[in-house]
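A.B. asks: Take a look at this one; I'll ask things after.
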Amino acid sequence: MLALVQRVSRAKVTVESAVIGEIGRGFLVLVCAEQGDSKAEADKLLAKILKLRVFNDANGKMNLAIQNLDGAGTTGGLLLVSQFTLAAETTGGNRPSFTNAAAPALGRELFDYFVAQARAMHPIVQTGRFATEMAVELVNDGPITIPMRVAPAAN
């Protein structure tokens, strides 16, 4: 699975002029399931995101995870948005190929699972809407943008 994690001071997702997900300080996470991914990869990716230490501590050093933003237990929000285009292959011309992305049914299943697991492990979780045209607004804090990948285990 792939993710693009952006540290934000605020972010929101709008569909047809209605805000469907919104957070203050935290992570906007664009999530993509690839062919061969399973719930195991979703679990590993979520664990990595929740432990990612990119929030500043009292000394201004990126040392805190989202579940402890200020070193005093303040929790940040997660805004999770499905984005199959993260799997784009761009080496063979000017039109990207998305053949590495999971089929839509598997992509939806893994995104829904990822969201459910995030909600079980983190108190503030908002989402976009799978397979829908969305407007995503964010204020990238830093800017801090971290690409992450968890590959399926080799057989």
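In the structure tokens, chains take letters A, B, ... by order of appearance, with residues numbered from 1 within each chain and ligands from 1 in the order shown.
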Could you list, as a list in words, every residue within 12 Å of Gly71 (chain A), counting only C-alpha atoms and ignoring same-chain residues fewer than 4 positions away?
C.D. replies: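 Close residues of Gly71 (chain A): Arg53, Phe55, Asn56, Asp57, Ala58, Asn59, Gly60, Lys61, Met62, Asn63, Leu64, Ala65, Ile66, Gln67, Thr75 and Gly76 of chain A.
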A.B. asks: How would the residues just chosen look if you wrote them out with N, CA and C atoms as an mmCIF file, in the first residue's frame?
C.D. replies:
data_model
loop_
_atom_site.group_PDB
_atom_site.id
_atom_site.type_symbol
_atom_site.label_atom_id
_atom_site.label_comp_id
_atom_site.auth_asym_id
_atom_site.auth_seq_id
_atom_site.Cartn_x
_atom_site.Cartn_y
_atom_site.Cartn_z
ATOM 1 N N ARG A 53 7.123 10.275 13.564
ATOM 2 C CA ARG A 53 7.488 11.380 14.459
ATOM 3 C C ARG A 53 7.937 12.591 13.646
ATOM 4 N N PHE A 55 6.166 15.816 14.278
ATOM 5 C CA PHE A 55 5.674 17.016 14.945
ATOM 6 C C PHE A 55 6.751 17.502 15.909
ATOM 7 N N ASN A 56 6.879 18.816 16.019
ATOM 8 C CA ASN A 56 7.954 19.406 16.814
ATOM 9 C C ASN A 56 7.736 19.231 18.305
ATOM 10 N N ASP A 57 8.826 18.909 18.993
ATOM 11 C CA ASP A 57 8.796 18.863 20.450
ATOM 12 C C ASP A 57 9.095 20.257 20.994
ATOM 13 N N ALA A 58 9.256 20.385 22.287
ATOM 14 C CA ALA A 58 9.490 21.685 22.928
ATOM 15 C C ALA A 58 10.778 22.346 22.455
ATOM 16 N N ASN A 59 11.702 21.547 21.923
ATOM 17 C CA ASN A 59 12.972 22.081 21.418
ATOM 18 C C ASN A 59 12.945 22.355 19.926
ATOM 19 N N GLY A 60 11.777 22.234 19.300
ATOM 20 C CA GLY A 60 11.661 22.497 17.875
ATOM 21 C C GLY A 60 12.161 21.358 16.995
ATOM 22 N N LYS A 61 12.400 20.206 17.573
ATOM 23 C CA LYS A 61 12.896 19.050 16.827
ATOM 24 C C LYS A 61 11.713 18.145 16.471
ATOM 25 N N MET A 62 11.668 17.660 15.225
ATOM 26 C CA MET A 62 10.606 16.736 14.819
ATOM 27 C C MET A 62 10.806 15.422 15.576
ATOM 28 N N ASN A 63 10.024 15.256 16.639
ATOM 29 C CA ASN A 63 10.242 14.141 17.544
ATOM 30 C C ASN A 63 8.946 13.545 18.086
ATOM 31 N N LEU A 64 7.795 14.132 17.719
ATOM 32 C CA LEU A 64 6.523 13.694 18.300
ATOM 33 C C LEU A 64 5.618 13.081 17.234
ATOM 34 N N ALA A 65 4.866 12.059 17.631
ATOM 35 C CA ALA A 65 3.896 11.413 16.754
ATOM 36 C C ALA A 65 2.551 12.122 16.860
ATOM 37 N N ILE A 66 1.651 11.795 15.959
ATOM 38 C CA ILE A 66 0.347 12.452 15.895
ATOM 39 C C ILE A 66 -0.473 12.268 17.172
ATOM 40 N N GLN A 67 -0.233 11.198 17.904
ATOM 41 C CA GLN A 67 -0.988 10.945 19.123
ATOM 42 C C GLN A 67 -0.437 11.699 20.329
ATOM 43 N N THR A 75 -3.896 15.105 20.788
ATOM 44 C CA THR A 75 -3.979 14.258 19.606
ATOM 45 C C THR A 75 -4.366 15.085 18.396
ATOM 46 N N GLY A 76 -3.720 14.802 17.268
ATOM 47 C CA GLY A 76 -4.061 15.462 16.014
ATOM 48 C C GLY A 76 -5.063 14.645 15.233
#
A.B. asks: Would you list the contacts of Gly21 (chain A) as a compact mmCIF listing (two decimals) with N, CA and C atoms, in the first residue's frame, taking every protein, DNA or RNA residue within 7 Å and counting only C-alpha atoms, but skipping same-chain residues closer than 4 positions in sequence?
C.D. replies:
# COMPACT_ATOMS: atom_id res chain seq x y z
N LYS A 12 -9.52 19.86 4.57
CA LYS A 12 -10.91 19.46 4.43
C LYS A 12 -11.15 18.90 3.04
N VAL A 13 -12.21 18.09 2.95
CA VAL A 13 -12.64 17.49 1.69
C VAL A 13 -14.07 17.92 1.44
N LEU A 79 -7.14 12.89 8.32
CA LEU A 79 -8.08 13.01 7.22
C LEU A 79 -7.59 12.04 6.15
N GLN A 126 -11.38 11.53 10.01
CA GLN A 126 -12.34 11.97 9.01
C GLN A 126 -11.90 11.37 7.67
N THR A 127 -12.82 11.35 6.69
CA THR A 127 -12.47 10.75 5.40
C THR A 127 -13.04 11.54 4.25
N GLY A 128 -12.48 11.21 3.09
CA GLY A 128 -13.09 11.59 1.84
C GLY A 128 -14.10 10.52 1.48
A.B. asks: Could you pull out the strand (DSSP E or B) residues of region 5-114 of chain A from DSSP and send them as a PyMOL selection string?
C.D. replies: chain A and resi 5-15+18-23+26-32+34+55-56+62-64+77-82+89+97+101
A.B. asks: Could you name the residues that touch region 89-98 of chain A at 12 Å or less, counting only C-alpha atoms, but leaving out those on the same chain fewer than 6 positions away, as a list in words?
C.D. replies: Cys32, Ala33, Glu34, Gln35, Gln83 and Pro104 of chain A
A.B. asks: Restricting the calculation to only C-alpha atoms, which member of A:Ala131, A:Val31, A:Ala18, A:Ala105 is positioned closest to Pro147 (chain A)?
C.D. replies: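 Going through A:Ala131, A:Val31, A:Ala18, A:Ala105 one by one, the smallest distance to Pro147 (chain A) is for A:Val31.
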A.B. asks: Considering only C-alpha atoms, state which residue in the set A:Leu86, A:Ala118, A:Glu22, A:Gly107 is at the smallest distance from Asp43 (chain A).
C.D. replies: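 Once distances to Asp43 (chain A) are computed over only C-alpha atoms, the minimum belongs to A:Ala118.
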A.B. asks: For a test of reading the model, state the distance in Å between CA of Gly77 (chain A) and CA of Phe27 (chain A), rounded to one decimal.
C.D. replies: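 Going from CA of Gly77 (chain A) over to CA of Phe27 (chain A) covers 6.3 Å.
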A.B. asks: Out of A:Ala87, A:Val54, A:Val115, A:Ser38, which residue has the shortest atom-to-atom distance to Val8 (chain A) when counting only C-alpha atoms?
C.D. replies: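 Ranked by minimum distance to Val8 (chain A), first place goes to A:Val54.
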A.B. asks: One number please: CA of Thr145 (chain A) to CA of Ala3 (chain A), in Å, one decimal.
C.D. replies: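 Atom-to-atom, CA of Thr145 (chain A) to CA of Ala3 (chain A), that is 10.3 Å.
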